[in-house]
Each structure stands twice: as structure tokens, then as C-alpha cells.
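Novice: The following file, model_18.cif, comprises mmCIF, C-alpha atoms:
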```
data_final
#
loop_
_atom_site.label_atom_id
_atom_site.label_comp_id
_atom_site.auth_asym_id
_atom_site.auth_seq_id
_atom_site.Cartn_x
_atom_site.Cartn_y
_atom_site.Cartn_z
CA MET R 1 77.98 276.88 64.09
CA ALA R 2 75.01 278.30 62.14
CA ARG R 3 77.22 278.85 59.10
CA ARG R 4 78.49 275.27 59.29
CA LEU R 5 74.95 273.90 59.50
CA ALA R 6 73.89 275.97 56.49
CA GLU R 7 76.85 274.96 54.33
CA VAL R 8 76.53 271.26 55.11
CA ALA R 9 72.75 271.33 54.61
CA LYS R 10 73.16 273.03 51.23
CA LYS R 11 75.78 270.55 50.04
CA VAL R 12 73.75 267.49 51.05
CA GLY R 13 70.37 268.92 50.06
CA VAL R 14 68.70 268.50 53.44
CA SER R 15 67.44 270.84 56.16
CA GLU R 16 69.66 272.38 58.82
CA ALA R 17 67.58 270.54 61.39
CA THR R 18 68.54 267.22 59.80
CA VAL R 19 72.22 268.17 59.89
CA SER R 20 71.84 269.14 63.55
CA ARG R 21 70.27 265.76 64.40
CA VAL R 22 73.21 263.95 62.76
CA LEU R 23 75.81 266.07 64.56
CA ASN R 24 74.13 265.52 67.89
CA GLY R 25 73.57 261.79 67.38
CA ARG R 26 69.77 262.03 67.51
CA PRO R 27 67.45 259.46 65.90
CA GLY R 28 65.12 260.06 62.96
CA VAL R 29 67.73 260.21 60.19
CA SER R 30 68.35 257.47 57.62
CA GLU R 31 71.80 255.88 57.47
CA THR R 32 72.26 257.14 53.89
CA THR R 33 71.56 260.72 54.92
CA ARG R 34 73.73 260.41 58.00
CA GLN R 35 76.69 259.21 55.93
CA ALA R 36 76.10 261.98 53.38
CA VAL R 37 76.21 264.61 56.13
CA LEU R 38 79.42 263.17 57.59
CA SER R 39 81.03 263.06 54.12
CA ALA R 40 80.03 266.69 53.54
CA LEU R 41 81.72 267.67 56.81
CA ASP R 42 84.94 266.01 55.61
CA VAL R 43 84.80 267.57 52.15
CA LEU R 44 84.12 271.06 53.50
CA GLY R 45 86.99 270.76 55.96
CA TYR R 46 84.97 270.80 59.19
CA GLU R 47 85.94 268.59 62.12
CA ARG R 48 83.50 265.91 63.08
CA PRO R 49 81.96 266.07 66.55
CA THR R 50 84.06 264.20 69.10
CA GLN R 51 81.59 261.34 69.42
CA LEU R 52 81.70 260.73 65.66
CA ARG R 53 85.44 260.91 65.07
CA GLY R 54 85.93 257.22 65.63
CA GLU R 55 84.03 256.47 62.43
CA ARG R 56 85.87 256.56 59.16
CA ALA R 57 84.77 259.08 56.60
CA ARG R 58 83.08 257.96 53.39
CA LEU R 59 86.18 259.24 51.60
CA VAL R 60 88.54 257.24 49.41
CA GLY R 61 91.97 258.49 48.44
CA LEU R 62 92.92 258.21 44.76
CA VAL R 63 96.67 258.71 44.51
CA LEU R 64 98.16 259.36 41.05
CA PRO R 65 101.75 260.17 40.05
CA GLU R 66 100.75 262.85 37.50
CA LEU R 67 98.00 264.12 35.22
CA GLN R 68 100.09 264.92 32.13
CA ASN R 69 99.93 261.32 30.92
CA PRO R 70 96.27 261.01 29.79
CA ILE R 71 96.02 257.45 31.12
CA PHE R 72 95.85 258.71 34.72
CA PRO R 73 92.94 261.16 34.26
CA ALA R 74 91.17 258.32 32.43
CA PHE R 75 91.60 256.01 35.43
CA ALA R 76 90.52 258.83 37.77
CA GLU R 77 87.30 259.32 35.80
CA VAL R 78 86.35 255.63 35.89
CA ILE R 79 87.31 255.08 39.53
CA GLY R 80 85.71 258.33 40.70
CA GLY R 81 82.43 257.48 39.00
CA ALA R 82 82.39 253.95 40.41
CA LEU R 83 83.07 255.24 43.93
CA ALA R 84 80.30 257.84 43.67
CA GLN R 85 77.79 255.13 42.76
CA LEU R 86 78.64 253.44 46.05
CA GLY R 87 78.20 256.64 48.05
CA LEU R 88 81.94 257.11 48.45
CA THR R 89 83.69 260.42 47.74
CA PRO R 90 87.03 260.28 45.89
CA VAL R 91 89.85 262.51 47.12
CA LEU R 92 92.29 263.09 44.24
CA CYS R 93 95.95 263.28 45.28
CA THR R 94 98.37 264.13 42.46
CA GLN R 95 102.08 264.32 43.03
CA THR R 96 104.10 267.24 41.70
CA LYS R 97 107.83 267.55 41.21
CA GLY R 98 109.31 269.05 44.35
CA GLY R 99 105.85 269.11 45.94
CA VAL R 100 103.78 266.80 48.09
CA SER R 101 105.08 263.23 47.99
CA GLU R 102 103.08 260.00 47.96
CA ALA R 103 104.01 259.41 51.61
CA ASP R 104 102.86 262.94 52.51
CA TYR R 105 99.51 262.29 50.86
CA VAL R 106 99.10 259.10 52.86
CA LYS R 107 99.57 261.05 56.10
CA LEU R 108 96.98 263.61 54.99
CA LEU R 109 94.51 260.89 54.04
CA LEU R 110 94.96 259.19 57.43
CA GLN R 111 94.18 262.50 59.11
CA GLN R 112 90.93 262.63 57.13
CA GLN R 113 90.06 259.12 58.35
CA VAL R 114 89.54 257.79 54.82
CA SER R 115 87.80 254.48 54.28
CA GLY R 116 90.35 253.25 51.75
CA VAL R 117 92.96 254.22 49.15
CA VAL R 118 93.49 253.34 45.48
CA PHE R 119 96.98 253.86 44.03
CA ALA R 120 97.75 254.02 40.30
CA GLY R 121 101.29 254.21 38.97
CA GLY R 122 102.83 254.74 42.40
CA LEU R 123 106.09 253.90 44.11
CA TYR R 124 104.81 250.36 44.74
CA ALA R 125 105.81 249.61 41.13
CA GLN R 126 109.48 250.47 41.82
CA ALA R 127 111.42 247.82 43.71
CA ASP R 128 114.05 250.28 45.01
CA ALA R 129 111.60 252.98 46.14
CA PRO R 130 110.49 253.50 49.77
CA HIS R 131 107.36 251.53 50.66
CA ASP R 132 106.88 252.33 54.35
CA HIS R 133 103.76 254.42 53.72
CA TYR R 134 101.95 251.39 52.25
CA ARG R 135 102.78 249.39 55.36
CA LEU R 136 101.52 252.27 57.47
CA LEU R 137 98.13 251.93 55.78
CA THR R 138 98.02 248.17 56.28
CA ASP R 139 99.06 248.57 59.92
CA ARG R 140 96.07 250.91 60.37
CA ASN R 141 93.85 248.33 58.61
CA ILE R 142 93.00 250.77 55.82
CA PRO R 143 91.87 248.91 52.66
CA VAL R 144 94.25 249.49 49.74
CA VAL R 145 94.09 248.42 46.07
CA LEU R 146 96.86 248.91 43.52
CA ILE R 147 96.46 249.53 39.79
CA ASN R 148 99.06 247.56 37.79
CA ALA R 149 101.92 245.44 39.02
CA GLY R 150 103.81 246.21 42.20
CA VAL R 151 106.55 244.59 44.25
CA GLU R 152 105.43 241.25 45.66
CA ASP R 153 106.24 241.64 49.35
CA LEU R 154 103.63 244.37 49.95
CA GLY R 155 100.85 241.77 50.13
CA LEU R 156 98.18 244.07 48.66
CA PRO R 157 95.46 243.20 46.12
CA SER R 158 96.06 244.62 42.65
CA VAL R 159 94.34 244.98 39.30
CA SER R 160 96.78 244.74 36.39
CA CYS R 161 96.97 244.69 32.63
CA ASP R 162 98.88 241.60 31.45
CA ASP R 163 102.29 242.96 30.45
CA ALA R 164 103.40 239.68 28.88
CA VAL R 165 100.38 239.53 26.59
CA ALA R 166 100.84 243.20 25.66
CA VAL R 167 104.42 242.62 24.53
CA GLU R 168 103.49 239.42 22.71
CA GLN R 169 100.80 241.26 20.74
CA ALA R 170 103.13 244.12 19.83
CA TRP R 171 106.08 241.86 18.98
CA ARG R 172 104.09 239.53 16.73
CA HIS R 173 102.57 242.53 14.96
CA LEU R 174 105.99 244.03 14.18
CA ALA R 175 107.42 240.65 13.21
CA SER R 176 104.50 240.06 10.81
CA LEU R 177 105.47 243.32 9.09
CA GLY R 178 108.98 242.01 8.51
CA HIS R 179 110.80 243.81 11.32
CA GLU R 180 113.80 241.80 12.52
CA ARG R 181 115.54 244.46 14.62
CA ILE R 182 112.91 245.05 17.31
CA GLY R 183 113.79 247.12 20.37
CA LEU R 184 112.14 248.08 23.66
CA VAL R 185 111.83 251.47 25.33
CA LEU R 186 111.10 250.75 29.00
CA GLY R 187 110.94 252.49 32.36
CA PRO R 188 113.70 252.38 35.03
CA ASP R 189 115.51 249.14 35.92
CA ASP R 190 113.49 248.64 39.11
CA HIS R 191 110.09 249.27 37.46
CA VAL R 192 108.11 246.04 37.86
CA PRO R 193 105.79 246.32 34.80
CA SER R 194 108.82 247.13 32.62
CA ALA R 195 110.66 244.10 34.01
CA ARG R 196 107.69 241.93 33.08
CA LYS R 197 107.63 243.36 29.56
CA LEU R 198 111.35 242.69 29.15
CA ALA R 199 111.01 239.09 30.35
CA ALA R 200 108.17 238.52 27.88
CA ALA R 201 110.20 239.99 25.00
CA ARG R 202 113.15 237.75 25.81
CA ALA R 203 110.90 234.71 25.89
CA ILE R 204 109.45 235.54 22.47
CA ALA R 205 112.70 236.59 20.80
CA GLY R 206 114.80 233.76 22.14
CA ARG R 207 117.73 236.15 22.18
CA LEU R 208 117.25 239.88 22.63
CA PRO R 209 120.48 241.92 22.35
CA GLU R 210 121.01 244.19 25.36
CA GLU R 211 121.74 247.10 23.01
CA PHE R 212 118.15 246.82 21.75
CA VAL R 213 116.77 247.73 25.19
CA ALA R 214 116.74 251.35 26.37
CA ARG R 215 115.57 252.75 29.72
CA ALA R 216 113.89 256.12 30.20
CA ILE R 217 111.76 258.19 32.53
CA PHE R 218 108.09 258.06 31.55
CA SER R 219 107.82 261.19 29.38
CA ILE R 220 108.06 262.32 25.78
CA GLU R 221 111.54 263.64 26.51
CA GLY R 222 112.58 260.27 27.94
CA GLY R 223 111.23 258.49 24.88
CA HIS R 224 113.09 260.89 22.60
CA ALA R 225 116.43 260.19 24.27
CA ALA R 226 115.92 256.41 24.39
CA GLY R 227 114.56 256.29 20.86
CA ALA R 228 117.56 258.17 19.51
CA GLN R 229 119.88 255.58 21.08
CA LEU R 230 118.04 252.65 19.51
CA ILE R 231 117.72 254.33 16.12
CA ASP R 232 121.50 254.73 16.08
CA ARG R 233 121.78 250.99 16.84
CA GLY R 234 119.70 250.06 13.82
CA VAL R 235 116.35 249.25 15.46
CA THR R 236 113.40 249.56 13.04
CA GLY R 237 110.55 248.30 15.24
CA PHE R 238 109.88 249.90 18.64
CA ILE R 239 107.79 248.57 21.53
CA CYS R 240 107.31 251.27 24.16
CA ALA R 241 106.12 250.99 27.77
CA SER R 242 103.79 254.01 27.46
CA ASP R 243 102.23 256.24 24.82
CA PRO R 244 104.29 259.32 25.80
CA LEU R 245 107.47 257.23 25.37
CA ALA R 246 106.24 256.18 21.93
CA LEU R 247 105.57 259.80 20.94
CA GLY R 248 109.11 260.62 22.04
CA VAL R 249 110.46 257.92 19.72
CA VAL R 250 108.45 259.39 16.83
CA ARG R 251 109.96 262.79 17.57
CA ALA R 252 113.47 261.33 17.69
CA ALA R 253 112.96 259.73 14.27
CA ARG R 254 111.79 263.00 12.76
CA ARG R 255 114.74 264.90 14.20
CA ARG R 256 116.94 262.46 12.27
CA GLY R 257 115.00 262.93 9.07
CA LEU R 258 113.37 259.49 9.28
CA GLY R 259 109.74 258.79 8.48
CA VAL R 260 107.24 256.99 10.67
CA PRO R 261 106.24 254.39 9.54
CA SER R 262 108.26 254.48 6.28
CA HIS R 263 111.61 254.05 8.09
CA ILE R 264 110.67 252.93 11.60
CA SER R 265 107.50 251.53 13.20
CA VAL R 266 106.41 252.45 16.72
CA VAL R 267 103.98 250.71 19.12
CA GLY R 268 102.86 252.46 22.30
CA TYR R 269 101.13 251.17 25.43
CA ASP R 270 97.90 252.37 27.12
CA ASP R 271 95.88 253.80 24.19
CA SER R 272 95.42 256.98 26.16
CA ALA R 273 93.31 259.90 24.93
CA LEU R 274 94.02 261.45 21.52
CA MET R 275 96.44 258.74 20.34
CA ASN R 276 94.23 258.40 17.27
CA CYS R 277 94.74 262.11 16.59
CA THR R 278 98.55 262.15 16.49
CA GLU R 279 100.49 262.27 13.23
CA PRO R 280 100.66 259.47 12.38
CA PRO R 281 97.92 257.97 14.57
CA LEU R 282 99.67 255.74 17.10
CA THR R 283 99.51 251.97 17.00
CA THR R 284 99.31 250.98 20.66
CA VAL R 285 98.27 248.28 23.13
CA ARG R 286 95.08 249.30 24.90
CA GLN R 287 94.63 248.82 28.62
CA PRO R 288 90.99 247.99 29.52
CA ILE R 289 90.73 251.05 31.76
CA GLU R 290 87.02 250.84 32.51
CA SER R 291 87.08 247.15 33.47
CA MET R 292 90.22 247.58 35.57
CA GLY R 293 88.97 250.70 37.35
CA LYS R 294 85.63 249.15 38.24
CA ALA R 295 87.30 245.96 39.45
CA ALA R 296 89.60 247.99 41.71
CA VAL R 297 86.59 249.75 43.26
CA GLU R 298 84.77 246.43 43.75
CA LEU R 299 87.78 245.00 45.60
CA LEU R 300 88.08 248.12 47.74
CA SER R 301 84.36 248.18 48.51
CA ALA R 302 84.49 244.54 49.62
CA ARG R 303 87.37 245.33 51.98
CA ILE R 304 85.58 248.41 53.34
CA SER R 305 82.48 246.33 54.07
CA GLY R 306 84.61 243.85 56.02
CA SER R 307 84.80 241.04 53.47
CA ALA R 308 88.06 239.14 53.11
CA VAL R 309 89.92 239.95 49.89
CA PRO R 310 93.00 237.85 49.02
CA ALA R 311 96.19 239.73 48.19
CA ASP R 312 96.09 238.43 44.63
CA GLU R 313 96.60 240.08 41.27
CA LEU R 314 93.71 240.23 38.81
CA LEU R 315 95.12 240.19 35.27
CA PHE R 316 93.19 241.85 32.45
CA GLU R 317 93.74 241.17 28.75
CA PRO R 318 95.04 244.10 26.64
CA GLU R 319 94.12 244.74 23.01
CA LEU R 320 96.41 245.76 20.15
CA VAL R 321 95.01 248.77 18.27
CA VAL R 322 96.66 249.07 14.85
CA ARG R 323 96.88 252.58 13.41
CA GLY R 324 99.31 254.48 11.21
CA SER R 325 102.62 254.33 13.13
CA THR R 326 103.46 250.78 11.99
CA ALA R 327 104.07 249.45 8.49
CA GLN R 328 106.20 247.01 6.53
CA ALA R 329 109.85 247.02 7.54
CA PRO R 330 111.97 249.23 5.27
CA ARG R 331 114.17 247.65 2.63
CA PRO R 332 117.89 247.71 3.51
CA GLU R 333 118.61 250.38 0.88
CA MET R 334 116.13 252.71 2.61
CA LEU R 335 118.05 252.75 5.91
#
```
Translate this file's structure into C-alpha cells.

Specialist:
Amino acid sequence: MARRLAEVAKKVGVSEATVSRVLNGRPGVSETTRQAVLSALDVLGYERPTQLRGERARLVGLVLPELQNPIFPAFAEVIGGALAQLGLTPVLCTQTKGGVSEADYVKLLLQQQVSGVVFAGGLYAQADAPHDHYRLLTDRNIPVVLINAGVEDLGLPSVSCDDAVAVEQAWRHLASLGHERIGLVLGPDDHVPSARKLAAARAIAGRLPEEFVARAIFSIEGGHAAGAQLIDRGVTGFICASDPLALGVVRAARRRGLGVPSHISVVGYDDSALMNCTEPPLTTVRQPIESMGKAAVELLSARISGSAVPADELLFEPELVVRGSTAQAPRPEML
């Protein structure tokens, strides 16, 4: 008990006597300090006293599919900072192949009595994936906010980048450079943001040949395989659903002895870290990460405080960032 008091007191920056008053439910402690002590108990892995277990911890789960794609650490940084300003402690949950699943993390977060959960790039974006763990959270009345588009029947608020505008910006850029054979490298068939991008491309193109659309897992390797297919089909302008996919297309072109952008032009999506340091620097559509992350925290905070938040989608405008991976379409004799 003495060790627990000392550790919690050190973490919060208060006296052991103050920690003791909180644990025993005695008066004389501000609400801010009381919440800080309870959060420290949760973070350090100590059980709350029985009389305090009914209160939710000042913890918020932040569930990400991976950290290899730089866009997810970027979201984690913005969301974590915004939560800390509100006195909430983020709990980062990152899935690993063959490891802890998204559903497993939800169970762990429920055990910690979290105040809410933010998901980014999760199974909610795949129509054919299991979604029971999201319904488990809503059944427990745990506030949840999603980053980017998910399946509609979940009924959860979300903060999204406008996929249609992103594709329109990329398509018009490539078309202005003279590219007539424009192709898309997208995620799986049931991936909702990819479906939105495809619908937007079809609306702009009027007719988009099916052979100019390739599906891939979200990785450089996936982009390489999909890019190789489209290169063989004569595509010269590529619109990709993520920056790693775009880098995979660049690699596929080089393996075939083609130059980027002298033979093919490539547009990514996200503008994640270091995309201006690649060779060539990647033209990409930038997600407004800071605005989206802060909006997600504001929605979650409103739900935590008891305010009603409609299950709507807030759409944020992307921005095309032109760099060195796009140029004038090659002349026919160059192909």
C-alpha cells in the first residue's frame, strides 16, 4: 500500500497524503487532482478502490491498425496532444499481424473502464469485416469517434477527408499534364474510402475501363504488384489510395526500367511524413491531419461530457501537393 501511494504521488506530483484522501473518498481535494490521481492508478496498473470502480477512468483508447504507415503516428500525435489538453490520457492500441486484434483491444479497454475510444483506419472501413466489437462499445454507452469513412449501419460519428474531392484534384492534375490513360490503385473491394474514390473517378472520367483499376493491400509491396499490372496495361497516370501504395508503384516502374515522372506519373494520398524526401518527391493529396484529429477529440469530449452528438460525418477538404513524381505525359514513341 505504501509503495502504491508513493508511486501514484510521484506520478501526479502531489503528496502521499493527498493520494490517500482520494483513495479513501475524503474531502479537501480538488476535482482536477482527484481525476489525476485516478488516472495515475489506471496508468500504473493498480486497481481502483471498490467504491471508485463505478467511475470511468480518464483514459481514452486510440486504436490504430499499424505504425509503419507514417499517417497513423501523425494522427496519434495530434489526437494524443488534444486529449492531454483536456486532462484525458490516451492509451495507444496498435494491431500486429498474428497478435492482438481490434476486438481484443476493445475488451481490454472496457476492462480499464475507458471514457471513450477513437479508431483510425480500423475494420469499420471494411464492409465485410466483423463489427460486433463496435456495437459492444455502443451497447455499453462508451463514446466512439471514427477517423475516415466507415460502413453506414454502425451509426457512429466520424471525421473524414473528402475522398471524392481528393480524386477530383488528382485526376484533373494528371489530365492537365496530358495523361489520357489514368488508373487507380485502391484498397480491397470492401474498403469504403476506396469505393468512394472509385465512384468519384468514374463520375469524372465518364467511362473508366475496369482494367485501369487495381486492388491491393495497403503497403509498398501491394502497390508494387498493383502498379506492375497497370503499367503492363498501358497506364501512364496513377492515382493511389495511400502514399505507401504510390511508393510501390514508383518501385514497380523502376523495376521495368521506366522513369518517374518521365514515363509515368504517380499521385499518392495522405502526404505522410518524408514524402518530400523520396526520389522523386511524391506528388500527393494531403489530409488535414491536425484539423481532423482535433475535431475527433472535440466530438469525443462532447460525448464524454454528456452532450448529444449526431452520428454524422464531418468532411474535411484535402489539398493537392504537387512535387516531382508527376510531369507531362510521355510521347507515344517514349512508351

Novice: What's the 8 Å shell around Leu300 in chain R, counting all atoms listed in the file, without same-chain residues fewer than 5 positions away, as a list in words?

Specialist: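 So the residues in contact are Gly116, Val117, Val118, Pro143, Val144 and Val145 of chain R.
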
Novice: Between R:Pro261, R:Asp163, R:Thr236, R:Leu247, which one has atoms that come closest to Leu274 in chain R, using all atoms listed in the file?

Specialist: R:Leu247

Novice: In Å, with one decimal, what is the gap from CA of Arg303 in chain R to CA of Leu136 in chain R?

Specialist: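 According to the coordinates, CA of Arg303 in chain R and CA of Leu136 in chain R are separated by 16.7 Å.
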
Novice: Looking at only C-alpha atoms, which of R:Val8, R:Val309, R:Val285, R:Val266 is the one that sits closest to Gly155 in chain R?

Specialist: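 Checking each candidate against Gly155 in chain R, we get R:Val309 as the closest.
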
Novice: At most 10 Å is the cut-off: for each residue in range 174-257 of chain R with any atom that close to an atom of range 57-71 of chain R, write down the nearest atom pair and the distance in Å rounded to one decimal, counting only C-alpha atoms, chain first then increasing number, as CSV.

Specialist:
```
residue,atom,partner,partner_atom,distance
R:Phe218,CA,R:Asn69,CA,8.8
R:Ser219,CA,R:Asn69,CA,8.0
R:Ile220,CA,R:Asn69,CA,9.7
R:Ser242,CA,R:Asn69,CA,9.0
R:Asp243,CA,R:Asn69,CA,8.3
R:Pro244,CA,R:Asn69,CA,7.0
```
